[in-house]
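These notes are about the structure you will find just below.
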Amino acid sequence: MARGTFIILEGGDGSGKTTHIERLKKEFPAFVYTQDPGGTPLGTRVRDLLLSDDSKHIDAKTELLLFLASRAELVAQIIRPALKAGKTVVCNRFSLSSIAYQVYGRRRPGLLGLYRDVSAHVLEDCEPDACLLLDVSPEIAAERIRKRADRATRFDREKLEFHRRVRKGYKKHVGEFGTPFVINTERPQEQVWKDVRDAVQSVL
Ligand code: TYD
C-alpha cells in the first residue's frame with residue numbers, strides 16, 4: 001500500500017492553528033489528527049513538563065531533547081503506523097517548531113546540528129509532505145492571546161522579541177518540510193480557511 005500523506009500545521013502562538021484544525025476535522029473526518037508535543041500518553045506527560053512554569057529555567061538543549069523525545073514517541077506510536085496504513089495525517093506543530101523556538105527563539109544556533117542529527121533518527125521515513133505555516137505578526141498574535149480564555153503557557157508569555165525570532169526561523173526553514181504554504185492570517189477567517197483547505201486539497 002502507498003504511504004499516506006503527512007501534513008503539518010505550523011505557526012506562532014495565536015496564529016489560529018487550533019481554529020483551522022477544528023475546521024479541517026469537519027471537512028476531512030477520515031484523516032488522523034494529532035499534536036506535537038503530545039499525541040500519546042507519554043508525550044502528554046512530557047508536554048505537561050515542558051509547558052509547566054516549573055520548567056521556566058530549563059536549559060535550551062534539555063528543552064530541545066524533551067521535544068524530540070515526545071516526537072519520537074508520537075512518530076513511533078501514531079504517525080508511522082497511520083502513514084503505513086495509507087492514511088492522511090495532520091499534525092498540529094512538528095519539527096519546524098523546534099527550529100523556530102529552540103534554535104531561533106532561544107538564540108541557540110549551535111543546536112541546529114543536534115536537532116538535525118536526532119531528527120534523522122526520530123523521523124526516518126516520516127518526513128512531512130507539506131507544511132502549512134500560519135503566519136502572523138507577534139503584535140497581532142499577542143492581542144489574540146490576551147483575548148483567549150485559556151491560560152497562557154510560558155511560551156506564550158515570552159517577550160515580543162522572542163516571537164519575532166521564532167517567526168524569522170519559521171520563514172527561513174519552512175521549505176525543509178515538503179511543499180511549503182505560507183498563509184497570511186491577518187485576514188478574515190474565511191479567507192484564511194479557504195487557503196488552508198485549498199493547500200490541503202492540493203497535496204492529497
Ligand atoms: P501549545 O499549547 O500546543 O501551543 P499551540 O496551541 O500554539 O500549538 O504549546 C506548545 C508550545 O510548545 C508552543 O508554545 C510552542 C512550543 N514548542 C516548542 O518550543 N518546540 C517544539 O518543538 C514544539 C513542537 C512546540
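Chain lettering (A, B, ...) mirrors the order of the C-alpha cells, residue numbering begins at 1 for each chain separately, and ligand numbering begins at 1 in order of display.
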#### Entry: Nearby residues, ligand 1, 8 Å, only C-alpha atoms and all ligand atoms, as a ChimeraX atom specification
/A:10-18,35-37,47,50-51,63-64,67-68,71,92-102,153-156
* To do: Excluding Arg164 (chain A) and residues on its chain fewer than 4 positions from it, collect all residues at most 7 Å away from it, counting only C-alpha atoms, and give them as a list in words.
  =>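 Listing them by chain and then by number gives Pro138, Leu160 and Lys168 of chain A.
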Item checked: Surrounding residues of Thr62 (chain A) excluding itself and chain neighbours under 3 positions, 12 Å, only C-alpha atoms, as an MDAnalysis selection string -> chainID A and resid 46 49:50 55:59 65:69 102 111 114:115
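When CA of Tyr33 (chain A) is paired with CA of Glu143 (chain A), their separation reads 27.4 Å.
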So that each row is one residue of region 16-40 of chain A with an atom at most 10 Å from region 183-201 of chain A, can you give its shortest atom pair and the distance in Å to one decimal, using only C-alpha atoms, rows by chain and rising number, as a tab-separated table?
residue	atom	partner	partner_atom	distance
A:Gly16	CA	A:Thr185	CA	7.6
A:Lys17	CA	A:Thr185	CA	9.9
A:Thr19	CA	A:Trp193	CA	9.2
A:His20	CA	A:Trp193	CA	6.6
A:Ile21	CA	A:Val196	CA	9.4
A:Arg23	CA	A:Trp193	CA	8.0
A:Leu24	CA	A:Arg197	CA	7.3
A:Glu27	CA	A:Arg197	CA	8.4
A:Phe28	CA	A:Arg197	CA	9.5
Limited to N, CA and C atoms, could you put the picked residues into a file as a PDB file, in the first residue's frame?
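Below you can see part-v5.pdb, which holds the result:
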ATOM      1  N   GLY A  16      -3.758  30.849  15.022  1.00  0.00           N
ATOM      2  CA  GLY A  16      -5.055  30.297  14.616  1.00  0.00           C
ATOM      3  C   GLY A  16      -5.008  28.833  14.199  1.00  0.00           C
ATOM      4  N   LYS A  17      -3.953  28.123  14.570  1.00  0.00           N
ATOM      5  CA  LYS A  17      -3.844  26.714  14.169  1.00  0.00           C
ATOM      6  C   LYS A  17      -5.024  25.886  14.674  1.00  0.00           C
ATOM      7  N   THR A  19      -8.079  26.704  15.518  1.00  0.00           N
ATOM      8  CA  THR A  19      -9.331  27.004  14.817  1.00  0.00           C
ATOM      9  C   THR A  19      -9.380  26.267  13.485  1.00  0.00           C
ATOM     10  N   HIS A  20      -8.280  26.335  12.725  1.00  0.00           N
ATOM     11  CA  HIS A  20      -8.303  25.737  11.389  1.00  0.00           C
ATOM     12  C   HIS A  20      -8.233  24.216  11.447  1.00  0.00           C
ATOM     13  N   ILE A  21      -7.599  23.686  12.479  1.00  0.00           N
ATOM     14  CA  ILE A  21      -7.593  22.225  12.615  1.00  0.00           C
ATOM     15  C   ILE A  21      -9.005  21.738  12.920  1.00  0.00           C
ATOM     16  N   ARG A  23     -11.700  23.056  11.846  1.00  0.00           N
ATOM     17  CA  ARG A  23     -12.430  23.097  10.573  1.00  0.00           C
ATOM     18  C   ARG A  23     -11.989  21.960   9.654  1.00  0.00           C
ATOM     19  N   LEU A  24     -10.693  21.642   9.676  1.00  0.00           N
ATOM     20  CA  LEU A  24     -10.216  20.512   8.853  1.00  0.00           C
ATOM     21  C   LEU A  24     -10.866  19.209   9.309  1.00  0.00           C
ATOM     22  N   GLU A  27     -14.192  19.015   7.711  1.00  0.00           N
ATOM     23  CA  GLU A  27     -14.114  18.889   6.250  1.00  0.00           C
ATOM     24  C   GLU A  27     -13.531  17.525   5.823  1.00  0.00           C
ATOM     25  N   PHE A  28     -12.543  17.050   6.591  1.00  0.00           N
ATOM     26  CA  PHE A  28     -11.857  15.794   6.236  1.00  0.00           C
ATOM     27  C   PHE A  28     -11.873  14.853   7.445  1.00  0.00           C
TER      28      PHE A  28
END
Checklist entry - For Asp129 (chain A), which residue out of A:Val75, A:Ala142, A:Val89, A:Ala152 is the nearest one, using only C-alpha atoms? => result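 Closest residue, counting only C-alpha atoms: A:Val89.
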